[in-house]
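Single-structure report; data block below.
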Amino acid sequence: MKRAFRTLLLFVCPCLVLSACAAGSSLYVPGNLTRPSGVVAPVAGAPQAVIADFSFVVDRDGVIGRDYDRARPIVWKGEPGKAMADLVAGALGERGVAAVRWGANAPGVEAVPVRISGVVRRFEVNTRRTGNLTVVTEAFVNLTITVEGTGLSAPMEKSVTSSASLPDLFVTADDLREALLSTANTVAEEAARILLEAKVVSPSS
């Protein structure tokens with residue numbers, strides 16, 4: 001009986017240690033979110049639109065998702081609200097719109113013709129195994145933008161949502177970033193398209 005108990009302990013204890021390590025570890029998304037074209041040169045002329053930091057309810061540990069197979073959180077040390085505002089500003093700049101980025105509640109924004117604020121309502125990336133040999137990484141981003149300006153009779157509000165998934169043999173940090181980057185940029189590009197089609201902004205001549 002004692003020998004059987006010792007044998008059980010030899011098997012159970014390492015399993016408990018491994019389980020604790022897996023559950024206590026985190027998976028990190030590397031780097032920052034950037035536009036595919038890189039840094040866009042400022043458009044000449046007076047700024048046509050100012051984009052303030054978007055709001056986002058940040059998890060204190062930076063958790064933006066979960067690796068469901070390893071029962072561990074996925075963490076990004078960036079700031080989703082500021083990152084999405086940067087991407088929207090970049091997408092507008094690529095289309096010739098003189099847009100500038102200012103912090104939330106910055107003085108002097110009233111002097112700019114168009115003011116764009118926003119709320120990032122969803123910003124996450126998760127992974128889960130869908131078969132014996134496939135792990136799928138899925139990213140989701142939802143953004144609501146609010147536009148105010150001298151040419152608008154009332155604030156305009158629009159929501160944009162996008163998702164992306166990447167299959168692989170196992171989860172990697174690069175897959176996490178690629179899925180999140182693709183989704184965030186798709187949302188930024190769609191937001192820029194909406195603003196241009198609504199004619200609240202236009203390319204500088």
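How things are named: the first chain in the structure tokens is A, the next is B, and so on; residues count from 1 in each chain; ligands count from 1 in the order shown.
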
Quick one: everything within 7 Å of segment 141-150 of chain A, counting only C-alpha atoms, minus sequence neighbours fewer than 4 positions away in the same chain. Send it as a list in words.
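These residues fall inside the cut-off: Pro113, Val114, Arg115, Ile116, Ser117, Gly118, Val119, Val120, Arg121, Arg122, Phe123, Glu124, Pro155, Met156, Glu157, Lys158, Ser159, Val160, Thr161, Ser162, Ser163, Thr183 and Ala184 of chain A.
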
Might you pull out every residue within 9 Å of Ser182 of chain A, with only C-alpha atoms counted and same-chain residues fewer than 4 positions away left off, and present them as a PyMOL selection string?
chain A and resi 139+163-164+177-178+186-187

Dump as a PDB file, in the first residue's frame, selection limited to all heavy atoms:
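Wrote it out as result20.pdb, contents follow:
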ATOM      1  N   ALA A 139      -8.452  36.953 -34.299  1.00  0.00           N
ATOM      2  CA  ALA A 139      -8.422  38.312 -33.765  1.00  0.00           C
ATOM      3  C   ALA A 139      -9.734  39.013 -34.082  1.00  0.00           C
ATOM      4  O   ALA A 139     -10.330  38.780 -35.144  1.00  0.00           O
ATOM      5  CB  ALA A 139      -7.251  39.092 -34.360  1.00  0.00           C
ATOM      6  N   SER A 163     -12.534  40.827 -38.323  1.00  0.00           N
ATOM      7  CA  SER A 163     -11.910  39.666 -37.671  1.00  0.00           C
ATOM      8  C   SER A 163     -11.000  38.976 -38.665  1.00  0.00           C
ATOM      9  O   SER A 163     -11.129  39.156 -39.885  1.00  0.00           O
ATOM     10  CB  SER A 163     -12.978  38.684 -37.149  1.00  0.00           C
ATOM     11  OG  SER A 163     -13.736  38.162 -38.230  1.00  0.00           O
ATOM     12  N   ALA A 164     -10.073  38.199 -38.149  1.00  0.00           N
ATOM     13  CA  ALA A 164      -9.151  37.447 -38.994  1.00  0.00           C
ATOM     14  C   ALA A 164      -8.747  36.181 -38.256  1.00  0.00           C
ATOM     15  O   ALA A 164      -8.721  36.149 -37.022  1.00  0.00           O
ATOM     16  CB  ALA A 164      -7.918  38.279 -39.343  1.00  0.00           C
ATOM     17  N   ARG A 177       0.469  38.455 -33.479  1.00  0.00           N
ATOM     18  CA  ARG A 177       0.651  39.828 -33.955  1.00  0.00           C
ATOM     19  C   ARG A 177       0.107  39.995 -35.370  1.00  0.00           C
ATOM     20  O   ARG A 177      -0.551  40.995 -35.676  1.00  0.00           O
ATOM     21  CB  ARG A 177       2.123  40.223 -33.922  1.00  0.00           C
ATOM     22  CG  ARG A 177       2.359  41.685 -34.315  1.00  0.00           C
ATOM     23  CD  ARG A 177       3.817  42.093 -34.170  1.00  0.00           C
ATOM     24  NE  ARG A 177       3.974  43.515 -34.430  1.00  0.00           N
ATOM     25  CZ  ARG A 177       4.128  44.043 -35.651  1.00  0.00           C
ATOM     26  NH1 ARG A 177       4.154  43.254 -36.708  1.00  0.00           N
ATOM     27  NH2 ARG A 177       4.262  45.360 -35.810  1.00  0.00           N
ATOM     28  N   GLU A 178       0.347  39.015 -36.234  1.00  0.00           N
ATOM     29  CA  GLU A 178      -0.117  39.119 -37.615  1.00  0.00           C
ATOM     30  C   GLU A 178      -1.642  39.183 -37.686  1.00  0.00           C
ATOM     31  O   GLU A 178      -2.208  39.994 -38.425  1.00  0.00           O
ATOM     32  CB  GLU A 178       0.390  37.936 -38.438  1.00  0.00           C
ATOM     33  CG  GLU A 178       0.027  38.020 -39.914  1.00  0.00           C
ATOM     34  CD  GLU A 178       0.577  36.871 -40.728  1.00  0.00           C
ATOM     35  OE1 GLU A 178       1.443  36.132 -40.212  1.00  0.00           O
ATOM     36  OE2 GLU A 178       0.130  36.697 -41.881  1.00  0.00           O
ATOM     37  N   THR A 186      -7.472  46.623 -41.026  1.00  0.00           N
ATOM     38  CA  THR A 186      -8.713  46.555 -41.810  1.00  0.00           C
ATOM     39  C   THR A 186      -9.756  47.508 -41.242  1.00  0.00           C
ATOM     40  O   THR A 186     -10.452  48.215 -41.985  1.00  0.00           O
ATOM     41  CB  THR A 186      -9.259  45.118 -41.825  1.00  0.00           C
ATOM     42  OG1 THR A 186      -8.309  44.255 -42.472  1.00  0.00           O
ATOM     43  CG2 THR A 186     -10.586  45.041 -42.581  1.00  0.00           C
ATOM     44  N   VAL A 187      -9.876  47.544 -39.917  1.00  0.00           N
ATOM     45  CA  VAL A 187     -10.814  48.461 -39.266  1.00  0.00           C
ATOM     46  C   VAL A 187     -10.416  49.913 -39.537  1.00  0.00           C
ATOM     47  O   VAL A 187     -11.271  50.761 -39.848  1.00  0.00           O
ATOM     48  CB  VAL A 187     -10.870  48.183 -37.748  1.00  0.00           C
ATOM     49  CG1 VAL A 187     -11.575  49.310 -37.008  1.00  0.00           C
ATOM     50  CG2 VAL A 187     -11.580  46.870 -37.480  1.00  0.00           C
TER      51      VAL A 187
END

Need the shell around segment 47-61 of chain A: protein/DNA/RNA residues with any atom at most 8 Å away, counting only C-alpha atoms. Skip same-chain ones fewer than 2 positions apart. Format as a ChimeraX atom specification?
/A:45,63-64,75,79-82,84-85,89,97-105,109,112-121,201

State, in Å with one decimal place, the distance from atom CA of Val200 of chain A to atom CA of Gly90 of chain A.
16.7 Å

Which residue out of A:Ala83, A:Leu180, A:Ala188, A:Val136 has the minimum interatomic distance to Asp67 of chain A when only C-alpha atoms are used?
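Smallest separation from Asp67 of chain A among the options: A:Val136.
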
Please determine, counting only C-alpha atoms, which residue among A:Gly31, A:Gly131, A:Thr137, A:Leu181 has the shortest atom-to-atom distance to Lys77 of chain A.
A:Gly31

Using only C-alpha atoms, pick whichever of A:Gly65, A:Ala192, A:Thr130, A:Leu27 has the shortest atom-to-atom distance to Asp86 of chain A.
A:Ala192
